[in-house]
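Asker: I have a structure here, written as structure tokens, and I will follow up with some questions on it.
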Amino acid sequence: MSKPISPLWRQMPADIDERLRQIVHSAPPCKVFFRADDIGVPGSMFSRLLGIFAAHNAPLALAVVPTWLTFPRWEAIQREAVPNARLWCWHQHGWRHRNHEREGKKQEFGPNRELTAIISDVTRGQQRLRTIMGKAFQPIFTPPWNRCDDRTLSVLADNGFAAVSRFVTKQPPGQLPLPDIPVSVDLHTRKRRNSKEDWRALFSELTDGLARPVCGIMIHHQRMNDPALDFLETLIKRLSAKGCVHSIEHLVEEP
């Protein structure tokens, strides 16, 4: 399930470590969490991702696509994950990760769907992950493409979910039926073709994200290469040294 890798990760600035040091050092106090999306298929890049977080004792929220996960795949994942089980938050990432919108932005749980279909897919995904994962499953929902409509939020609340996690710009104003723990930095699904411009954009995105009370950083391991892994590890080191890396469950539990 490898996907295109952004030019960003093929032309790396020589001063990355210093730039990250300055950004993290200058940031006001905040709480940072990491979320890896599109999980369900074990592989070498996924193993290396888990290894980095385990090496630095850093928690990671893992958004699992229910139809991608099988008992054999879960057993393979657990052989690597169990020694550091307390670091991982395995939660639901939609149902099939399939777009149902005829136009506009992609959504699996958007306005083009009937409410009965939304209820069915949320429930089937929840039941499947509970059956395969058992107690490891956490009742948090990350919608594919980081967006879903208000009906879906109500369905999630009715199904006992504790929180949803979307991109910060996808959060509508007003009271939500459950907490929304947003990501604000996207490391890998980047679309600029000019790597220098994209590095400026990423550093700006990271600076703005760390200025928020909560900064979620989104990862897609299928779009990573060795430089992307090196960058991620440096970022984790800098943030961990500042003591601002938290688990998503801790953020959900806060009043």
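Scheme for the structure tokens: letters A, B, ... for chains in order shown; per-chain residue numbers from 1; ligand numbers from 1 in order shown.
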Per residue of region 44-134 of chain A within 7 Å of region 140-164 of chain A, note the shortest atom pair and the distance in Å to one decimal, counting only C-alpha atoms, and order the rows by chain and increasing residue number, as a Markdown table.
Answerer:
```
| residue | atom | partner | partner_atom | distance |
| --- | --- | --- | --- | --- |
| A:Ala63 | CA | A:Thr142 | CA | 6.3 |
| A:His91 | CA | A:Ile140 | CA | 5.4 |
| A:Gln92 | CA | A:Phe141 | CA | 4.9 |
| A:His93 | CA | A:Thr142 | CA | 4.8 |
| A:Gly94 | CA | A:Pro143 | CA | 5.2 |
| A:His97 | CA | A:Pro144 | CA | 5.7 |
| A:Lys106 | CA | A:Trp145 | CA | 6.6 |
| A:Gln107 | CA | A:Trp145 | CA | 6.3 |
| A:Glu108 | CA | A:Pro144 | CA | 6.4 |
| A:Phe109 | CA | A:Cys148 | CA | 5.0 |
| A:Gly110 | CA | A:Asp149 | CA | 5.2 |
| A:Pro111 | CA | A:Asp149 | CA | 6.5 |
| A:Ile118 | CA | A:Thr152 | CA | 6.7 |
| A:Ile119 | CA | A:Val155 | CA | 6.3 |
```
Asker: Quick one: write out the picked residues with N, CA and C atoms as a PDB file, in the first residue's frame?
Answerer:
```pdb
ATOM      1  N   ALA A  63      -4.767   5.172  13.807  1.00  0.00           N
ATOM      2  CA  ALA A  63      -6.117   5.138  13.246  1.00  0.00           C
ATOM      3  C   ALA A  63      -6.218   3.972  12.261  1.00  0.00           C
ATOM      4  N   HIS A  91      -7.405   2.951  17.350  1.00  0.00           N
ATOM      5  CA  HIS A  91      -8.774   3.445  17.271  1.00  0.00           C
ATOM      6  C   HIS A  91      -9.278   3.391  15.832  1.00  0.00           C
ATOM      7  N   GLN A  92     -10.511   3.808  15.615  1.00  0.00           N
ATOM      8  CA  GLN A  92     -11.213   3.562  14.345  1.00  0.00           C
ATOM      9  C   GLN A  92     -10.992   4.675  13.322  1.00  0.00           C
ATOM     10  N   HIS A  93     -10.686   4.250  12.097  1.00  0.00           N
ATOM     11  CA  HIS A  93     -10.474   5.175  10.969  1.00  0.00           C
ATOM     12  C   HIS A  93     -11.510   4.855   9.890  1.00  0.00           C
ATOM     13  N   GLY A  94     -12.761   5.303  10.148  1.00  0.00           N
ATOM     14  CA  GLY A  94     -13.830   5.065   9.181  1.00  0.00           C
ATOM     15  C   GLY A  94     -14.242   3.611   9.112  1.00  0.00           C
ATOM     16  N   HIS A  97     -12.454   3.429   4.193  1.00  0.00           N
ATOM     17  CA  HIS A  97     -11.672   4.545   3.660  1.00  0.00           C
ATOM     18  C   HIS A  97     -12.038   4.778   2.185  1.00  0.00           C
ATOM     19  N   LYS A 106     -13.318  15.034  -0.544  1.00  0.00           N
ATOM     20  CA  LYS A 106     -13.568  13.623  -0.270  1.00  0.00           C
ATOM     21  C   LYS A 106     -14.057  13.425   1.159  1.00  0.00           C
ATOM     22  N   GLN A 107     -15.038  12.544   1.314  1.00  0.00           N
ATOM     23  CA  GLN A 107     -15.539  12.170   2.626  1.00  0.00           C
ATOM     24  C   GLN A 107     -16.113  10.759   2.561  1.00  0.00           C
ATOM     25  N   GLU A 108     -15.885   9.996   3.594  1.00  0.00           N
ATOM     26  CA  GLU A 108     -16.559   8.704   3.712  1.00  0.00           C
ATOM     27  C   GLU A 108     -17.881   8.865   4.454  1.00  0.00           C
ATOM     28  N   PHE A 109     -17.946   9.874   5.322  1.00  0.00           N
ATOM     29  CA  PHE A 109     -19.141  10.104   6.129  1.00  0.00           C
ATOM     30  C   PHE A 109     -19.610  11.544   5.943  1.00  0.00           C
ATOM     31  N   GLY A 110     -20.036  11.840   4.720  1.00  0.00           N
ATOM     32  CA  GLY A 110     -20.434  13.192   4.372  1.00  0.00           C
ATOM     33  C   GLY A 110     -21.895  13.315   3.995  1.00  0.00           C
ATOM     34  N   PRO A 111     -22.299  14.484   3.484  1.00  0.00           N
ATOM     35  CA  PRO A 111     -23.711  14.778   3.229  1.00  0.00           C
ATOM     36  C   PRO A 111     -24.355  13.942   2.133  1.00  0.00           C
ATOM     37  N   ILE A 118     -24.529   5.611   7.215  1.00  0.00           N
ATOM     38  CA  ILE A 118     -23.529   6.098   8.157  1.00  0.00           C
ATOM     39  C   ILE A 118     -23.562   5.276   9.439  1.00  0.00           C
ATOM     40  N   ILE A 119     -24.762   5.074   9.958  1.00  0.00           N
ATOM     41  CA  ILE A 119     -24.911   4.277  11.183  1.00  0.00           C
ATOM     42  C   ILE A 119     -24.360   2.865  10.982  1.00  0.00           C
TER      43      ILE A 119
END
```
Asker: Do you have, as a Markdown table, the list of residues of region 85-199 of chain A lying at most 10 Å from region 66-69 of chain A, each with its nearest atom pair and that distance in Å to one decimal, counting only C-alpha atoms and ordered by chain then number?
Answerer:
```
| residue | atom | partner | partner_atom | distance |
| --- | --- | --- | --- | --- |
| A:His91 | CA | A:Pro66 | CA | 9.4 |
| A:Gln92 | CA | A:Pro66 | CA | 6.9 |
| A:His93 | CA | A:Pro66 | CA | 7.0 |
| A:Gly94 | CA | A:Pro66 | CA | 7.2 |
| A:Trp95 | CA | A:Pro66 | CA | 5.4 |
| A:Arg96 | CA | A:Thr67 | CA | 5.5 |
| A:His97 | CA | A:Thr67 | CA | 8.6 |
| A:Asp121 | CA | A:Pro66 | CA | 9.8 |
| A:Val122 | CA | A:Pro66 | CA | 9.8 |
| A:Arg124 | CA | A:Pro66 | CA | 8.4 |
| A:Gly125 | CA | A:Pro66 | CA | 5.2 |
| A:Gln126 | CA | A:Pro66 | CA | 7.7 |
| A:Gln127 | CA | A:Pro66 | CA | 9.0 |
| A:Arg128 | CA | A:Pro66 | CA | 6.4 |
| A:Leu129 | CA | A:Pro66 | CA | 6.0 |
| A:Arg130 | CA | A:Pro66 | CA | 9.7 |
| A:Ile132 | CA | A:Leu69 | CA | 8.1 |
| A:Met133 | CA | A:Leu69 | CA | 9.5 |
```
Asker: For region 195-235 of chain A versus region 21-42 of chain A, which residues have an atom no more than 9 Å away, and what is each residue's nearest atom pair and distance in Å rounded to one decimal, using only C-alpha atoms, chain-then-number order, as JSON lines?
Answerer:
```
{"residue": "A:Phe203", "atom": "CA", "partner": "A:Ile23", "partner_atom": "CA", "distance": 7.9}
{"residue": "A:Leu206", "atom": "CA", "partner": "A:Ile23", "partner_atom": "CA", "distance": 7.8}
{"residue": "A:Thr207", "atom": "CA", "partner": "A:Ile23", "partner_atom": "CA", "distance": 6.1}
{"residue": "A:Asp208", "atom": "CA", "partner": "A:Ala27", "partner_atom": "CA", "distance": 8.9}
{"residue": "A:Leu210", "atom": "CA", "partner": "A:Ala27", "partner_atom": "CA", "distance": 5.9}
{"residue": "A:Ala211", "atom": "CA", "partner": "A:Pro28", "partner_atom": "CA", "distance": 6.0}
{"residue": "A:Arg212", "atom": "CA", "partner": "A:Cys30", "partner_atom": "CA", "distance": 6.5}
{"residue": "A:Pro213", "atom": "CA", "partner": "A:Cys30", "partner_atom": "CA", "distance": 4.8}
{"residue": "A:Val214", "atom": "CA", "partner": "A:Lys31", "partner_atom": "CA", "distance": 4.8}
{"residue": "A:Cys215", "atom": "CA", "partner": "A:Val32", "partner_atom": "CA", "distance": 4.8}
{"residue": "A:Gly216", "atom": "CA", "partner": "A:Phe33", "partner_atom": "CA", "distance": 4.9}
{"residue": "A:Ile217", "atom": "CA", "partner": "A:Phe34", "partner_atom": "CA", "distance": 4.8}
{"residue": "A:Met218", "atom": "CA", "partner": "A:Arg35", "partner_atom": "CA", "distance": 5.0}
{"residue": "A:Ile219", "atom": "CA", "partner": "A:Ala36", "partner_atom": "CA", "distance": 4.5}
{"residue": "A:His220", "atom": "CA", "partner": "A:Asp37", "partner_atom": "CA", "distance": 5.6}
{"residue": "A:His221", "atom": "CA", "partner": "A:Ala36", "partner_atom": "CA", "distance": 7.3}
{"residue": "A:Gln222", "atom": "CA", "partner": "A:Asp38", "partner_atom": "CA", "distance": 8.4}
{"residue": "A:Leu235", "atom": "CA", "partner": "A:Arg21", "partner_atom": "CA", "distance": 8.6}
```
Asker: Let me see the file: selected residues, C-alpha atoms, as an mmCIF file, in the first residue's frame.
Answerer:
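selection29.cif written:
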```
data_model
loop_
_atom_site.group_PDB
_atom_site.id
_atom_site.type_symbol
_atom_site.label_atom_id
_atom_site.label_comp_id
_atom_site.auth_asym_id
_atom_site.auth_seq_id
_atom_site.Cartn_x
_atom_site.Cartn_y
_atom_site.Cartn_z
ATOM 1 C CA PHE A 203 7.965 24.959 9.193
ATOM 2 C CA LEU A 206 4.587 23.504 12.696
ATOM 3 C CA THR A 207 5.178 26.949 14.238
ATOM 4 C CA ASP A 208 1.466 27.777 14.046
ATOM 5 C CA LEU A 210 2.764 24.618 18.393
ATOM 6 C CA ALA A 211 1.233 28.007 19.171
ATOM 7 C CA ARG A 212 -2.084 26.269 19.886
ATOM 8 C CA PRO A 213 -2.928 24.749 23.271
ATOM 9 C CA VAL A 214 -3.079 21.328 21.557
ATOM 10 C CA CYS A 215 -1.060 20.444 18.461
ATOM 11 C CA GLY A 216 -1.742 17.166 16.678
ATOM 12 C CA ILE A 217 0.844 15.931 14.162
ATOM 13 C CA MET A 218 -0.427 13.583 11.445
ATOM 14 C CA ILE A 219 1.684 10.780 9.965
ATOM 15 C CA HIS A 220 1.189 8.510 6.945
ATOM 16 C CA HIS A 221 3.870 5.822 7.009
ATOM 17 C CA GLN A 222 3.087 4.702 3.444
ATOM 18 C CA LEU A 235 11.097 16.178 15.921
#
```
Asker: Can you list, as a list in words, all residues belonging to region 21-98 of chain A that DSSP tags as strand (DSSP E or B)?
Answerer: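 Written out, the strand (DSSP E or B) residues of region 21-98 of chain A are Lys31, Val32, Phe33, Phe34, Arg35, Ala36, Asp37, Asp38, Ile39, Leu60, Ala61, Leu62, Ala63, Val64, Trp88, Cys89, Trp90, His91 and Gln92 of chain A.
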Asker: Work out how far apart CA of Trp9 (chain A) and CA of Ala201 (chain A) are and give it in Å to one decimal.
Answerer: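 A separation of 13.5 Å between them.
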Asker: Could you please determine the separation between CA of Arg86 (chain A) and CA of Ala61 (chain A) in Å, to one decimal place?
Answerer: 11.0 Å
Asker: Could you work out how far CA of Ile16 (chain A) lies from CA of Ala55 (chain A), giving the answer in Å with one decimal?
Answerer: 20.7 Å
Asker: For Ser184 (chain A), which residue out of A:Ala81, A:Glu205, A:Lys135, A:Arg200 is the nearest one, using only C-alpha atoms?
Answerer: A:Glu205
